[in-house]
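Student: Below you will find the structure I want to go over with you.
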Protein chains: 2
Amino acid sequence: MPVDHLSITFAALADPTRRAILSRLVSGEASVTELAEPFDMTMPAISKHLKVLEHAGLVARDRHAQWRPCRLTAAPLEDVADWVDHYRRFWEENLDRLGGFLSQLQTEEKKRGHTKRKRK
Amino acid sequence: MPVDHLSITFAALADPTRRAILSRLVSGEASVTELAEPFDMTMPAISKHLKVLEHAGLVARDRHAQWRPCRLTAAPLEDVADWVDHYRRFWEENLDRLGGFLSQLQTEEKKRGHTKRKRK
DNA sequence: AGGTTAATTAACCTATCGGTTATATAACAA
DNA sequence: TTGTTATATAACCGATAGGTTAATTAACCT
């Protein structure tokens with residue numbers, strides 16, 4: 001049970017139902033019943049998903065009478081964007097292959113190091 | 001047990017140990033033992049983490065003698081970046097508050113709709 | 001007050017997660 | 001051949017995830 005924010009955010013995003021809920025909230029506030037409608041799932045299940053999203057800070061809730069409408073609060077996604085951006089150069093411009101090649105060289109060197117260890 | 005690629009990727013990223021492993025691999029290929037070294041964790045635990053990363057397509061493995069060196073394959077992170085980018089406008093320029101305000105209006109209208117329903 | 005609607009909570013179930021220890025495999029080194 | 005090093009697999013364990021049904025809370029409407 002990780003407590004770091006990023007882990008909680010990633011975990012919240014690792015479920016297709018929850019991502020669909022977020023995507024729905026892009027078009028505006030919605031009640032729990034409205035959010036539940038597209039899914040073949042009971043209300044308590046949706047309630048739980050919302051609690052996960054709320055705990056991750058991805059959703060906030062208001063109260064109007066017996067409704068507790070949800071809205072998107074996307075701030076935590078900025079951290080995700082920042083994190084993933086550190087790896088951008090590794091998927092752009094076929095750098096994966098280049099990386100493999102560089103690592104290959106590195107490994108060759110390490111092997112040489114191993115066979116010659118205790119050389120002194 | 002989601003099978004969609006994005007869920008698998010997010011789930012793989014939702015663990016700090018696994019993210020630390022990816023971050024280590026930025027500086028080049030590494031053996032399992034090398035990867036395990038910084039963590040207070042047994043080798044089988046690291047082996048399992050690597051299997052998760054490999055299954056998510058975030059890590060690839062070669063074989064050199066009894067070593068099975070790992071390297072970063074960041075391609076799946078592009079999908080993450082693309083997904084999260086759809087929400088960018090919601091965290092930039094304080095749009096969260098604006099969104100809340102817009103949703104507020106929307107809800108007011110809906111309530112009016114409810115109380116007047118069956119009007120015809 | 002009594003009923004309806006919206007949502008949550010409680011209790012439960014099964015499966016997966018993240019770790020362990022102990023054992024096995026595979027390649028090298030003497 | 002025998003041992004050593006690197007890694008993986010098996011079996012297990014407690015905790016969490018994701019769902020269910022049934023009961024509860026809360027606000028509205030007659």
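Convention: chains lettered A, B, ... in structure tokens order; per-chain residue numbering from 1; ligands numbered from 1 as shown.
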Give me, as a tab-separated table, the closest atom pair and its distance (Å, one decimal) for every residue of chain C within a cut-off of 9 Å of chain A, counting only C-alpha atoms (C1' of nucleotides), rows sorted by chain and rising number.
Tutor:
```
residue	atom	partner	partner_atom	distance
C:DT5	C1'	A:Gln66	CA	8.0
C:DA6	C1'	A:Gln66	CA	5.5
C:DA7	C1'	A:Trp67	CA	7.5
C:DT8	C1'	A:Ser47	CA	7.6
```
Student: Only residues of chain D matter here; which ones have an atom within 8 Å of chain A, counting only C-alpha atoms (C1' of nucleotides)? Give them as a list in words.
Tutor: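 Taking only C-alpha atoms (C1' of nucleotides) into account, DT16, DG18, DG19, DA26, DA27 and DC28 of chain D sit within 8 Å of chain A.
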Student: Extract, using only C-alpha atoms (C1' of nucleotides), all DNA, RNA and protein residues at most 6 Å from Val59 of chain B, discarding same-chain residues fewer than 4 positions from it, and format them as a PDB file with C-alpha atoms, in the first residue's frame.
Tutor:
```pdb
ATOM      1  CA  LEU B  53       7.580  -4.471 -16.314  1.00  0.00           C
ATOM      2  CA  GLU B  54       8.436  -6.880 -19.107  1.00  0.00           C
ATOM      3  CA  ARG B  71      16.974  -2.449 -20.738  1.00  0.00           C
ATOM      4  CA  LEU B  72      14.321   0.216 -20.936  1.00  0.00           C
ATOM      5  CA  THR B  73      11.754   0.035 -23.741  1.00  0.00           C
TER       6      THR B  73
END
```
Student: Restrict the distance test to only C-alpha atoms, flag each residue of chain B within 6 Å of chain A, and return the flagged residues as a list in words.
Tutor: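 So the residues of chain B near chain A are Ser7, Phe10, Ala11, Ala14, Asp15, Gly28, Glu29, Thr73, Ala74, Ala75, Phe90, Trp91, Asp96 and Ser103 of chain B.
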Student: Fewer than 6 positions away in the same chain doesn't count, so skip those; otherwise give me all residues within 12 Å of DA11 of chain D, counting only C-alpha atoms (C1' of nucleotides), as a list of chain:residue names.
Tutor: C:DT20, C:DT21, C:DA22, C:DT23
Student: Hey, can you check how far atom CA of Arg63 of chain B sits from atom C1' of DT2 of chain D?
Tutor: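 Value for the atom CA of Arg63 of chain B-atom C1' of DT2 of chain D distance: 24.8 Å.
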Student: Between atom CA of Ile21 of chain B and atom CA of Leu58 of chain B, measure the distance and give it in Å to one decimal.
Tutor: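 Value for the atom CA of Ile21 of chain B-atom CA of Leu58 of chain B distance: 10.4 Å.
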Student: Can you list, as a PDB file with N, CA and C atoms, in the first residue's frame, every residue of segment 3-109 of chain A that DSSP puts in strand (DSSP E)?
Tutor:
```pdb
ATOM      1  N   VAL A  59     -10.975  13.622  -8.546  1.00  0.00           N
ATOM      2  CA  VAL A  59     -12.401  13.953  -8.583  1.00  0.00           C
ATOM      3  C   VAL A  59     -12.741  14.679  -7.289  1.00  0.00           C
ATOM      4  N   ALA A  60     -13.586  15.681  -7.380  1.00  0.00           N
ATOM      5  CA  ALA A  60     -14.098  16.362  -6.185  1.00  0.00           C
ATOM      6  C   ALA A  60     -15.609  16.305  -6.223  1.00  0.00           C
ATOM      7  N   ARG A  61     -16.200  16.437  -5.050  1.00  0.00           N
ATOM      8  CA  ARG A  61     -17.642  16.249  -4.985  1.00  0.00           C
ATOM      9  C   ARG A  61     -18.304  17.413  -4.277  1.00  0.00           C
ATOM     10  N   CYS A  70     -20.126  14.859  -9.027  1.00  0.00           N
ATOM     11  CA  CYS A  70     -18.669  14.739  -9.143  1.00  0.00           C
ATOM     12  C   CYS A  70     -18.170  15.648 -10.245  1.00  0.00           C
ATOM     13  N   ARG A  71     -16.986  16.193 -10.019  1.00  0.00           N
ATOM     14  CA  ARG A  71     -16.339  16.915 -11.113  1.00  0.00           C
ATOM     15  C   ARG A  71     -14.860  16.556 -11.146  1.00  0.00           C
ATOM     16  N   LEU A  72     -14.310  16.732 -12.321  1.00  0.00           N
ATOM     17  CA  LEU A  72     -12.909  16.419 -12.561  1.00  0.00           C
ATOM     18  C   LEU A  72     -12.011  17.435 -11.870  1.00  0.00           C
TER      19      LEU A  72
END
```
Student: Write out as a PyMOL selection string all residues of segment 27-88 of chain B that backbone DSSP assigns to helix (DSSP H, G or I).
Tutor: chain B and resi 32-36+43-55+75-85+88
